[in-house]
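The file protein.cif contains mmCIF, C-alpha atoms:
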```cif
data_coords
loop_
_atom_site.label_atom_id
_atom_site.label_comp_id
_atom_site.auth_asym_id
_atom_site.auth_seq_id
_atom_site.Cartn_x
_atom_site.Cartn_y
_atom_site.Cartn_z
CA MET A 1 -32.66 20.15 38.77
CA THR A 2 -34.30 22.52 41.20
CA PRO A 3 -32.71 22.40 44.65
CA ARG A 4 -34.88 21.70 47.64
CA PRO A 5 -36.19 24.85 49.33
CA SER A 6 -34.47 23.98 52.57
CA ALA A 7 -31.08 23.97 50.83
CA ARG A 8 -31.57 26.94 48.48
CA GLY A 9 -29.24 29.83 49.24
CA LEU A 10 -27.40 28.10 52.08
CA GLY A 11 -23.62 28.23 52.27
CA PRO A 12 -21.35 25.60 53.82
CA ARG A 13 -22.65 24.39 57.15
CA HIS A 14 -20.37 24.68 60.18
CA ASP A 15 -19.70 21.28 61.74
CA ASP A 16 -19.25 21.81 65.48
CA ARG A 17 -18.10 18.22 65.94
CA ARG A 18 -15.28 18.22 63.42
CA ARG A 19 -12.26 20.52 63.46
CA THR A 20 -9.17 20.39 61.30
CA PHE A 21 -5.95 22.18 62.25
CA PRO A 22 -3.23 22.99 59.70
CA PRO A 23 0.24 21.50 60.15
CA LEU A 24 2.11 23.07 63.03
CA ALA A 25 5.50 24.61 62.54
CA PRO A 26 8.45 22.72 64.04
CA ARG A 27 8.89 23.70 67.66
CA GLU A 28 9.89 22.34 71.00
CA ALA A 29 9.76 24.11 74.35
CA PRO A 30 13.13 25.06 75.93
CA ASP A 31 12.59 22.48 78.67
CA GLY A 32 12.02 19.70 76.13
CA ARG A 33 8.26 19.54 76.60
CA PHE A 34 5.81 20.02 73.79
CA ALA A 35 3.01 21.39 75.94
CA GLY A 36 3.00 24.56 77.98
CA THR A 37 -0.22 24.00 79.96
CA TRP A 38 -0.90 21.47 82.67
CA TRP A 39 -3.72 19.88 80.67
CA GLY A 40 -1.57 19.62 77.54
CA ASN A 41 1.12 17.86 79.55
CA ALA A 42 -1.51 15.58 81.12
CA TRP A 43 -2.45 14.50 77.58
CA VAL A 44 1.18 13.61 76.82
CA ASP A 45 1.63 11.90 80.20
CA ALA A 46 -1.35 9.61 79.51
CA LEU A 47 0.41 8.11 76.49
CA GLU A 48 3.95 8.16 77.89
CA ASP A 49 2.89 6.38 81.08
CA THR A 50 1.67 3.34 79.10
CA ALA A 51 4.30 3.36 76.33
CA LEU A 52 6.17 0.08 76.06
CA ASP A 53 9.26 1.44 74.31
CA PRO A 54 10.88 4.76 75.33
CA ALA A 55 12.96 4.71 72.14
CA ARG A 56 9.84 4.91 69.98
CA LEU A 57 8.63 7.84 72.08
CA ALA A 58 11.94 9.63 71.50
CA ARG A 59 11.68 9.11 67.74
CA GLY A 60 8.07 10.29 67.78
CA ARG A 61 9.11 13.41 69.68
CA ALA A 62 11.78 14.05 67.07
CA TYR A 63 9.25 13.57 64.24
CA ALA A 64 6.91 16.08 65.88
CA GLY A 65 9.73 18.51 66.50
CA ARG A 66 10.69 18.42 62.82
CA GLY A 67 7.10 19.03 61.67
CA HIS A 68 6.41 15.58 60.19
CA VAL A 69 2.73 15.67 61.24
CA ASP A 70 0.28 16.94 58.60
CA ALA A 71 -3.09 18.58 59.32
CA ILE A 72 -4.81 17.15 62.41
CA THR A 73 -8.55 16.40 62.35
CA VAL A 74 -10.41 16.04 65.65
CA THR A 75 -13.83 14.45 66.02
CA PRO A 76 -15.50 12.93 69.11
CA GLY A 77 -13.33 10.08 70.33
CA ARG A 78 -10.76 10.36 67.54
CA VAL A 79 -7.68 12.36 66.50
CA VAL A 80 -6.41 11.65 62.97
CA ALA A 81 -3.48 12.89 60.86
CA TYR A 82 -1.04 11.74 58.21
CA VAL A 83 2.50 11.45 59.54
CA HIS A 84 5.57 11.37 57.30
CA GLY A 85 8.07 8.64 58.05
CA SER A 86 10.98 7.09 56.23
CA ARG A 87 8.89 6.14 53.19
CA PRO A 88 7.58 8.57 50.56
CA ARG A 89 3.93 7.83 51.37
CA PRO A 90 2.78 9.19 54.75
CA TYR A 91 1.03 6.93 57.24
CA ARG A 92 -2.54 7.40 58.41
CA THR A 93 -2.29 7.67 62.17
CA GLU A 94 -4.99 8.07 64.79
CA ILE A 95 -5.51 8.18 68.52
CA ARG A 96 -8.83 6.99 69.92
CA LEU A 97 -10.29 7.75 73.33
CA ARG A 98 -13.59 7.22 75.09
CA SER A 99 -16.33 9.85 74.83
CA LEU A 100 -17.97 11.02 78.05
CA GLY A 101 -21.48 9.76 78.72
CA GLU A 102 -24.44 11.93 79.65
CA ASP A 103 -23.79 11.53 83.38
CA GLY A 104 -20.20 12.66 82.90
CA TRP A 105 -21.24 15.78 81.01
CA GLU A 106 -23.87 16.58 83.64
CA ASP A 107 -21.17 16.44 86.31
CA PHE A 108 -18.94 18.66 84.18
CA LEU A 109 -21.68 21.26 83.61
CA ASP A 110 -22.54 21.27 87.32
CA GLU A 111 -18.89 21.78 88.27
CA VAL A 112 -18.39 24.70 85.87
CA THR A 113 -21.64 26.57 86.52
CA ALA A 114 -21.28 26.21 90.30
CA ARG A 115 -18.30 28.55 90.16
CA PRO A 116 -18.46 31.79 88.12
CA ASP A 117 -14.65 31.92 88.14
CA HIS A 118 -14.51 28.49 86.51
CA LEU A 119 -16.84 29.62 83.74
CA ALA A 120 -14.81 32.78 83.21
CA ALA A 121 -11.59 30.76 83.08
CA LEU A 122 -12.99 28.43 80.41
CA LEU A 123 -14.14 31.33 78.28
CA ASP A 124 -10.58 32.64 78.57
CA LYS A 125 -9.26 29.30 77.26
CA ASP A 126 -8.02 28.18 80.67
CA VAL A 127 -8.94 24.96 82.47
CA PRO A 128 -9.04 25.14 86.29
CA HIS A 129 -7.59 22.05 87.94
CA ALA A 130 -10.87 21.22 89.67
CA VAL A 131 -12.71 21.21 86.32
CA GLY A 132 -10.03 19.11 84.66
CA ALA A 133 -10.21 16.49 87.38
CA VAL A 134 -13.98 16.00 87.25
CA THR A 135 -15.56 12.99 85.51
CA GLY A 136 -12.35 11.73 83.93
CA LEU A 137 -12.21 14.57 81.42
CA LEU A 138 -8.43 14.32 81.14
CA PRO A 139 -7.09 11.01 79.89
CA ALA A 140 -5.56 8.58 82.35
CA PRO A 141 -2.86 6.05 81.45
CA GLY A 142 -4.45 3.51 79.10
CA ASP A 143 -7.21 5.86 77.88
CA LEU A 144 -5.43 6.79 74.62
CA ILE A 145 -5.45 4.00 72.03
CA PRO A 146 -2.98 4.60 69.16
CA ASP A 147 -3.34 3.08 65.68
CA CYS A 148 -1.27 3.55 62.51
CA SER A 149 -1.09 2.14 58.98
CA CYS A 150 2.67 1.58 59.32
CA PRO A 151 4.00 -1.98 59.78
CA ASP A 152 5.39 -1.21 63.26
CA ASP A 153 3.31 -2.90 65.97
CA GLY A 154 4.82 -0.87 68.81
CA PHE A 155 2.55 0.66 71.44
CA PRO A 156 2.71 3.39 70.36
CA CYS A 157 4.66 3.51 67.13
CA LYS A 158 6.74 6.62 66.50
CA HIS A 159 4.08 8.07 64.16
CA ALA A 160 1.33 7.82 66.81
CA ALA A 161 3.68 9.30 69.39
CA ALA A 162 4.39 12.24 67.05
CA LEU A 163 0.65 12.82 66.62
CA CYS A 164 0.16 12.76 70.38
CA TYR A 165 2.90 15.35 70.95
CA GLN A 166 1.53 17.69 68.28
CA SER A 167 -2.03 17.27 69.61
CA ALA A 168 -0.80 18.56 72.97
CA ARG A 169 0.19 21.83 71.30
CA ILE A 170 -3.34 22.18 69.91
CA LEU A 171 -4.77 21.59 73.37
CA ASP A 172 -2.49 24.32 74.71
CA GLU A 173 -4.02 26.86 72.38
CA ASP A 174 -7.65 25.78 72.73
CA PRO A 175 -8.80 23.48 75.56
CA PHE A 176 -12.22 23.19 73.89
CA VAL A 177 -10.49 20.72 71.56
CA LEU A 178 -10.24 18.39 74.57
CA PHE A 179 -14.00 18.67 75.07
CA LEU A 180 -14.50 17.83 71.39
CA MET A 181 -12.31 14.77 71.81
CA ARG A 182 -14.58 13.73 74.66
CA GLY A 183 -17.74 14.21 72.59
CA ARG A 184 -19.01 17.81 72.73
CA GLY A 185 -18.35 20.64 70.26
CA GLU A 186 -17.51 24.13 71.45
CA GLN A 187 -20.80 25.80 70.42
CA GLU A 188 -22.83 22.89 71.78
CA LEU A 189 -21.00 23.04 75.08
CA LEU A 190 -21.23 26.83 75.39
CA ALA A 191 -24.97 26.68 74.71
CA ALA A 192 -25.41 24.08 77.45
CA LEU A 193 -23.32 26.15 79.87
CA THR A 194 -25.36 29.25 79.06
CA ARG A 195 -28.65 27.46 79.74
CA ARG A 196 -27.35 25.89 82.96
CA ASN A 197 -25.89 29.19 84.16
CA ALA A 198 -29.11 31.10 83.41
CA ALA A 199 -31.18 28.53 85.30
CA ARG A 200 -28.84 28.67 88.28
CA SER A 201 -28.87 32.48 88.32
CA ALA A 202 -32.65 32.55 88.20
CA ALA A 203 -32.90 30.08 91.07
CA GLU A 204 -30.45 32.06 93.18
CA ALA A 205 -32.28 35.32 92.47
CA SER A 206 -35.62 33.84 93.48
CA ALA A 207 -34.31 32.39 96.74
CA ALA A 208 -35.10 34.73 99.62
CA ALA A 209 -32.02 35.76 101.56
CA PRO A 210 -32.30 35.02 105.30
CA ALA A 211 -33.23 38.01 107.44
CA LEU A 212 -30.28 39.14 109.51
CA ALA A 213 -30.82 40.40 113.02
CA THR A 214 -29.27 43.83 113.54
CA VAL A 215 -28.45 46.16 116.39
CA PRO A 216 -28.99 49.91 115.73
CA ALA A 217 -25.74 51.80 115.98
CA ARG A 218 -27.35 54.58 118.03
CA ALA A 219 -28.34 52.07 120.70
CA VAL A 220 -24.68 51.29 121.25
CA LEU A 221 -22.96 54.59 120.55
CA THR A 222 -25.32 57.23 122.05
CA PRO A 223 -23.87 58.37 125.40
CA PRO A 224 -26.10 57.53 128.38
CA ALA A 225 -27.82 60.36 130.25
CA ASP A 226 -26.21 59.26 133.52
CA ASP A 227 -22.63 58.03 133.25
CA SER A 228 -22.82 56.52 136.70
CA VAL A 229 -25.43 53.97 135.63
CA PRO A 230 -24.23 51.17 133.35
CA ARG A 231 -26.22 51.13 130.17
CA PRO A 232 -27.77 47.79 129.27
CA LEU A 233 -26.74 46.65 125.80
CA PRO A 234 -29.14 44.85 123.47
CA PRO A 235 -28.50 41.11 123.04
CA LEU A 236 -26.20 39.98 120.26
CA PRO A 237 -27.93 38.60 117.15
CA GLU A 238 -28.13 34.86 116.69
CA PRO A 239 -25.26 33.28 114.73
CA LEU A 240 -25.82 32.73 111.04
CA PRO A 241 -26.98 29.22 110.10
CA VAL A 242 -24.28 26.76 109.14
CA PRO A 243 -24.21 26.22 105.35
CA THR A 244 -25.25 22.83 104.06
CA ARG A 245 -21.84 22.17 102.53
CA PRO A 246 -18.30 23.56 102.75
CA GLY A 247 -17.40 26.57 100.65
CA ARG A 248 -15.36 26.28 97.49
CA PRO A 249 -11.92 27.87 97.16
CA PRO A 250 -11.22 30.39 94.39
CA ALA A 251 -9.39 29.43 91.22
CA PHE A 252 -5.65 29.90 91.57
CA PRO A 253 -4.02 30.82 88.24
CA PRO A 254 -0.54 29.38 87.69
CA ASP A 255 2.30 31.78 88.41
CA PRO A 256 5.99 30.82 88.27
CA ASP A 257 6.64 32.95 91.37
CA ALA A 258 3.67 31.59 93.36
CA PRO A 259 3.06 28.26 95.11
CA ASP A 260 1.72 25.34 93.12
CA PRO A 261 -1.98 26.03 92.32
CA VAL A 262 -2.87 22.36 92.86
CA ALA A 263 -1.41 22.47 96.37
CA LEU A 264 -3.18 25.75 97.14
CA ASP A 265 -6.51 24.39 95.91
CA LEU A 266 -6.02 21.20 97.94
CA LEU A 267 -5.18 23.07 101.15
CA ALA A 268 -7.99 25.61 100.73
CA THR A 269 -10.53 22.87 100.10
CA GLU A 270 -9.20 20.98 103.12
CA ALA A 271 -9.48 24.04 105.38
CA ALA A 272 -13.06 24.67 104.28
CA ALA A 273 -14.07 21.05 104.87
CA ARG A 274 -12.50 20.96 108.34
CA ALA A 275 -14.10 24.27 109.32
CA HIS A 276 -17.51 23.06 108.17
CA ALA A 277 -17.15 19.78 110.07
CA PHE A 278 -16.14 21.65 113.24
CA LEU A 279 -19.14 24.01 112.93
CA THR A 280 -21.60 21.17 112.47
CA THR A 281 -20.18 18.57 114.88
CA GLY A 282 -17.90 20.50 117.23
CA GLN A 283 -15.11 18.02 116.45
CA ASP A 284 -12.08 17.96 114.19
CA ALA A 285 -11.33 14.37 113.24
CA VAL A 286 -8.10 15.41 111.55
CA ALA A 287 -6.53 16.84 114.70
CA SER A 288 -5.76 13.40 116.12
CA LEU A 289 -3.87 12.20 113.04
CA SER A 290 -0.09 11.97 112.89
CA PRO A 291 1.74 13.97 110.21
CA TRP A 292 2.17 10.79 108.15
CA GLN A 293 -1.51 9.85 108.43
CA ASP A 294 -2.51 13.37 107.48
CA ALA A 295 -0.20 13.34 104.44
CA VAL A 296 -1.72 10.04 103.30
CA ARG A 297 -5.23 11.39 103.81
CA LEU A 298 -4.44 14.52 101.80
CA ALA A 299 -2.92 12.53 98.94
CA ALA A 300 -5.86 10.10 98.95
CA ALA A 301 -8.30 13.00 98.67
CA HIS A 302 -6.49 14.48 95.66
CA PRO A 303 -8.91 14.38 92.69
CA GLY A 304 -7.95 12.87 89.40
CA SER A 305 -7.43 9.57 87.73
CA GLY A 306 -4.00 8.04 87.26
CA LEU A 307 -0.66 9.44 88.30
CA THR A 308 -0.62 12.61 86.23
CA ALA A 309 2.29 15.04 86.39
CA SER A 310 0.57 17.14 89.06
CA THR A 311 -0.23 14.05 91.14
CA ARG A 312 3.36 12.82 90.93
CA ALA A 313 4.59 16.23 92.08
CA LEU A 314 2.18 16.17 95.02
CA TYR A 315 3.28 12.67 96.04
CA ARG A 316 6.95 13.60 95.72
CA ASP A 317 6.63 16.73 97.87
CA LEU A 318 4.56 15.06 100.58
CA ALA A 319 6.87 12.05 100.73
CA ASP A 320 10.02 14.22 100.87
CA ALA A 321 8.57 16.25 103.74
CA LEU A 322 8.20 13.08 105.83
CA ASP A 323 11.36 11.26 104.71
CA ARG A 324 9.38 8.65 102.79
CA THR A 325 9.44 7.59 99.15
CA PRO A 326 6.66 8.30 96.62
CA THR A 327 6.14 4.53 96.39
CA ASP A 328 5.60 4.38 100.18
CA LEU A 329 3.01 7.13 99.84
CA ALA A 330 1.29 5.54 96.84
CA ARG A 331 0.95 2.23 98.72
CA ALA A 332 -0.36 4.02 101.81
CA VAL A 333 -2.87 5.96 99.69
CA ALA A 334 -4.16 2.66 98.29
CA ALA A 335 -4.61 1.39 101.85
CA TRP A 336 -6.36 4.59 102.94
CA ARG A 337 -8.77 4.42 100.03
CA GLN A 338 -9.40 0.80 100.88
CA GLY A 339 -10.26 1.35 104.54
CA GLY A 340 -9.32 4.80 105.87
CA PRO A 341 -7.21 4.92 109.05
CA ALA A 342 -8.03 1.27 109.77
CA GLY A 343 -6.79 0.30 106.31
CA LEU A 344 -3.53 2.19 106.84
CA ASP A 345 -3.04 0.43 110.18
CA VAL A 346 -3.54 -2.93 108.46
CA LEU A 347 -0.87 -2.03 105.92
CA GLU A 348 1.74 -0.90 108.42
CA THR A 349 1.20 -2.85 111.64
CA PRO A 350 1.18 -6.65 111.88
CA TRP A 351 -0.40 -7.93 115.10
CA ASP A 352 -1.40 -11.17 116.83
CA PRO A 353 -5.19 -11.63 116.70
CA PRO A 354 -6.94 -13.63 119.41
CA ALA A 355 -8.24 -17.11 118.67
CA GLY A 356 -11.56 -17.13 116.86
CA PRO A 357 -12.25 -15.51 113.47
CA PHE A 358 -8.63 -15.81 112.34
CA ASP A 359 -8.45 -19.53 113.15
CA ARG A 360 -11.72 -20.22 111.32
CA ALA A 361 -10.67 -18.37 108.16
CA ARG A 362 -8.35 -21.06 106.68
CA PRO A 363 -10.88 -23.90 106.87
CA ALA A 364 -13.56 -21.61 105.43
CA LEU A 365 -11.34 -20.76 102.46
CA LEU A 366 -10.43 -24.41 101.86
CA ALA A 367 -14.10 -25.40 102.00
CA THR A 368 -14.86 -23.07 99.10
CA ASP A 369 -12.01 -24.50 96.94
CA PHE A 370 -9.68 -21.56 97.40
CA PRO A 371 -5.98 -22.38 97.62
CA ALA A 372 -4.30 -23.08 100.95
CA PHE A 373 -3.06 -19.96 102.77
CA ARG A 374 0.00 -19.75 105.03
CA PRO A 375 -0.64 -17.97 108.37
CA TRP A 376 1.67 -15.37 109.90
CA ARG A 377 0.39 -13.15 112.68
CA ASN A 378 -2.76 -11.45 111.27
CA ARG A 379 -1.99 -12.44 107.67
CA LEU A 380 -2.90 -15.37 105.42
CA SER A 381 -0.80 -15.63 102.25
CA THR A 382 -0.36 -17.58 99.04
CA ARG A 383 2.39 -16.86 96.51
CA SER A 384 0.48 -13.86 95.10
CA LEU A 385 -2.60 -13.27 97.29
CA GLN A 386 -2.93 -12.20 100.89
CA LEU A 387 -5.69 -11.52 103.41
CA ARG A 388 -5.03 -9.38 106.48
CA LEU A 389 -7.33 -9.26 109.49
CA GLY A 390 -7.75 -5.72 110.78
CA ARG A 391 -8.34 -4.69 114.35
CA ASP A 392 -11.82 -3.63 113.21
CA GLY A 393 -12.72 -7.26 112.46
CA LEU A 394 -12.61 -6.85 108.67
CA TRP A 395 -10.48 -8.78 106.20
CA TYR A 396 -8.40 -6.73 103.77
CA GLY A 397 -7.20 -8.10 100.42
CA TYR A 398 -3.64 -7.68 99.08
CA GLU A 399 -1.86 -8.72 95.90
CA SER A 400 1.78 -9.13 94.87
CA ASP A 401 3.73 -10.47 91.92
CA THR A 402 4.28 -14.18 92.42
CA ASP A 403 6.90 -14.97 95.08
CA ARG A 404 7.65 -11.30 95.73
CA GLU A 405 7.03 -9.58 99.05
CA ASP A 406 5.60 -6.49 97.39
CA TRP A 407 2.05 -6.42 98.71
CA TRP A 408 -0.47 -3.80 97.55
CA PRO A 409 -4.00 -3.27 98.93
CA ARG A 410 -6.73 -4.45 96.55
CA GLY A 411 -10.46 -5.07 96.74
CA THR A 412 -13.05 -4.20 99.37
CA PRO A 413 -12.79 -5.12 103.07
CA ASP A 414 -15.28 -7.72 104.26
CA ALA A 415 -16.16 -9.33 107.59
CA ASP A 416 -16.06 -12.70 105.79
CA PRO A 417 -12.65 -13.83 104.49
CA VAL A 418 -14.33 -15.62 101.58
CA GLY A 419 -16.11 -12.40 100.63
CA ALA A 420 -12.89 -10.38 100.85
CA LEU A 421 -11.04 -12.87 98.64
CA SER A 422 -13.90 -12.92 96.12
CA ALA A 423 -13.75 -9.12 95.92
CA LEU A 424 -9.98 -9.33 95.49
CA LEU A 425 -10.37 -11.76 92.60
CA GLY A 426 -13.21 -9.76 91.07
CA GLY A 427 -15.70 -12.56 91.58
#
```
How does this structure look as structure tokens?
Amino acid sequence: MTPRPSARGLGPRHDDRRRTFPPLAPREAPDGRFAGTWWGNAWVDALEDTALDPARLARGRAYAGRGHVDAITVTPGRVVAYVHGSRPRPYRTEIRLRSLGEDGWEDFLDEVTARPDHLAALLDKDVPHAVGAVTGLLPAPGDLIPDCSCPDDGFPCKHAAALCYQSARILDEDPFVLFLMRGRGEQELLAALTRRNAARSAAEASAAAPALATVPARAVLTPPADDSVPRPLPPLPEPLPVPTRPGRPPAFPPDPDAPDPVALDLLATEAAARAHAFLTTGQDAVASLSPWQDAVRLAAAHPGSGLTASTRALYRDLADALDRTPTDLARAVAAWRQGGPAGLDVLETPWDPPAGPFDRARPALLATDFPAFRPWRNRLSTRSLQLRLGRDGLWYGYESDTDREDWWPRGTPDADPVGALSALLGG
């Protein structure tokens, strides 16, 4: 049979969306971690943070450390391997995760090409923190779905945990594997980055640089003919126009003898944003905040999804500096994200509202078939739901486990208590 012309003479075709890695030799880092990079550890954290049984994780770690995981195959949204257990026949194990949509990849490409140092870092197999935080590229708790042919219904079973630990080592060596997991092969992604970078460079080259007013040096430095007569100096040039947005900080590579790169990036970004706001408005809204309010604001602005290892470290350090607990800070961050300074005030300061909107709230809730709420100061509570009236006239939703005074901000503030409760219930 004569082969088709299109196939004649062609060798095996490279599949950019499927990569298989040979079994990894047994190994565990001296500190007990399988990953050596922050993104590799974020991958492990995503599964550990939702694991229901620490004992299964420990056995999975031991399996991975002893090299029980066979070759690992990665395709978009899926990581698959055979894992040897107590039986002679290995188990087919996989971890599934969501692929990024087109909008997510557009955000990723914009983030990388906006910073030449980010592009250079990626080509050097390094992932800057700002790139890793964009568009949910790194998995958050609950993103990784384990599955295994073994009879154990644990979440995860020890075989899936072993696969997750070994996958982190692959991510250490080549972060482009993470991009493949999210849906884009290395060559496909590099081609898109090249096109986007070329288009950006062409646009920047074609943009005319603003003309800068100058003062000739001779007009200032040439001695006057008569020293007794003051020489008039030319006027100073006009200030440069304020940029449309704050500048971006450089990438800070990790160094064991240097400060945390996440903290440096956060502080540099913060300084640029405050400087830009002061140039454009003449005001610094941050200056009036207390140290605690400022710590909450900084933590709330930290990019990322879920409490990754870097986020937990940030929360711990900020809380320790102000003699608070990480839980205090996490609750305050939820309030800040719910309503800014007003939301934090609602969390921390009960007050006695005047008669009017507060008194009308309970009948309005009863009229719409919501359960009866108990009033106390500016709060209306059931056994698990709570509405708090803020000094700004908005109602803020809170939730707690039934019959526990452990209230957490939830939902969107609303001027109508019925609307705030509907947002709290997701209705």
Could you check which of A:Pro223, A:Pro76, A:Pro341, A:Pro350 is closest to A:Arg19, using only C-alpha atoms?
A:Pro76
Evaluate the PyMOL selection byres ((chain A and resi 236) around 9) against this structure - the residues, as a VMD selection string, please.
chain A and resid 213 to 215 233 to 235 237 to 239
Residues matched by the PyMOL selection byres ((chain A and resi 385-388) around 10) as a VMD selection string
chain A and resid 343 346 to 347 350 to 351 358 361 371 373 to 384 389 to 391 393 to 403 407 to 410 413 417 to 418 420 to 421 424 to 425
Please determine, counting all atoms listed in the file, which residue among A:Asp257, A:Glu270, A:Asp406, A:Asp107 has the shortest atom-to-atom distance to A:Asp284.
A:Glu270
Using all atoms listed in the file, which of A:Gly77, A:Gly40, A:Gly65, A:Pro241 sits nearest A:Val127?
A:Gly40
Run the PyMOL selection byres ((chain A and resi 161) around 9) on the file and write out the hits as a PDB file with C-alpha atoms, in the frame of the given file.
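Written file, result26.pdb:
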```pdb
ATOM      1  CA  VAL A  44       1.180  13.610  76.820  1.00  0.00           C
ATOM      2  CA  LEU A  47       0.410   8.110  76.490  1.00  0.00           C
ATOM      3  CA  GLU A  48       3.950   8.160  77.890  1.00  0.00           C
ATOM      4  CA  ARG A  56       9.840   4.910  69.980  1.00  0.00           C
ATOM      5  CA  LEU A  57       8.630   7.840  72.080  1.00  0.00           C
ATOM      6  CA  ALA A  58      11.940   9.630  71.500  1.00  0.00           C
ATOM      7  CA  ARG A  59      11.680   9.110  67.740  1.00  0.00           C
ATOM      8  CA  GLY A  60       8.070  10.290  67.780  1.00  0.00           C
ATOM      9  CA  ARG A  61       9.110  13.410  69.680  1.00  0.00           C
ATOM     10  CA  TYR A  63       9.250  13.570  64.240  1.00  0.00           C
ATOM     11  CA  ALA A  64       6.910  16.080  65.880  1.00  0.00           C
ATOM     12  CA  PRO A 146      -2.980   4.600  69.160  1.00  0.00           C
ATOM     13  CA  PHE A 155       2.550   0.660  71.440  1.00  0.00           C
ATOM     14  CA  PRO A 156       2.710   3.390  70.360  1.00  0.00           C
ATOM     15  CA  CYS A 157       4.660   3.510  67.130  1.00  0.00           C
ATOM     16  CA  LYS A 158       6.740   6.620  66.500  1.00  0.00           C
ATOM     17  CA  HIS A 159       4.080   8.070  64.160  1.00  0.00           C
ATOM     18  CA  ALA A 160       1.330   7.820  66.810  1.00  0.00           C
ATOM     19  CA  ALA A 162       4.390  12.240  67.050  1.00  0.00           C
ATOM     20  CA  LEU A 163       0.650  12.820  66.620  1.00  0.00           C
ATOM     21  CA  CYS A 164       0.160  12.760  70.380  1.00  0.00           C
ATOM     22  CA  TYR A 165       2.900  15.350  70.950  1.00  0.00           C
ATOM     23  CA  GLN A 166       1.530  17.690  68.280  1.00  0.00           C
TER      24      GLN A 166
END
```
Can you pull out every residue within 9 Å of A:Gly154, counting only C-alpha atoms, but drop anything in the same chain fewer than 6 positions away, and send it as an NGL selection string?
:A and (51-53 or 56)
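Rounded to one decimal, atom CA of A:Ala192 and atom CA of A:Ala42 lie 25.6 Å from each other.
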Find the distance between atom CA of A:Ala199 and atom CA of A:Met181 and write it in Å to one decimal.
27.0 Å
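Rounded to one decimal, atom CA of A:Tyr82 and atom CA of A:Asp70 lie 5.4 Å from each other.
The smallest atom-to-atom distance between A:Arg200 and any of A:Arg312, A:Arg331, A:Arg115, A:Arg245, using only C-alpha atoms, is found for A:Arg115.
Near (-19.1, 26.6, 93.0), the residues inside the 12 Å limit, counting all atoms listed in the file, come to Phe108, Leu109, Asp110, Glu111, Val112, Thr113, Ala114, Arg115, Pro116, Asp117, His118, Leu119, Ala130, Val131, Asn197, Arg200, Arg245, Pro246, Gly247, Arg248, Pro249, Pro250, Ala251 and Thr269 of chain A.
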Write out as a list in words each polymer residue whose atoms come within 9 Å of A:Gly36, counting all atoms listed in the file; drop sequence neighbours fewer than 5 positions from it.
Ala29, Asn41, Ala168, Arg169 and Asp172 of chain A
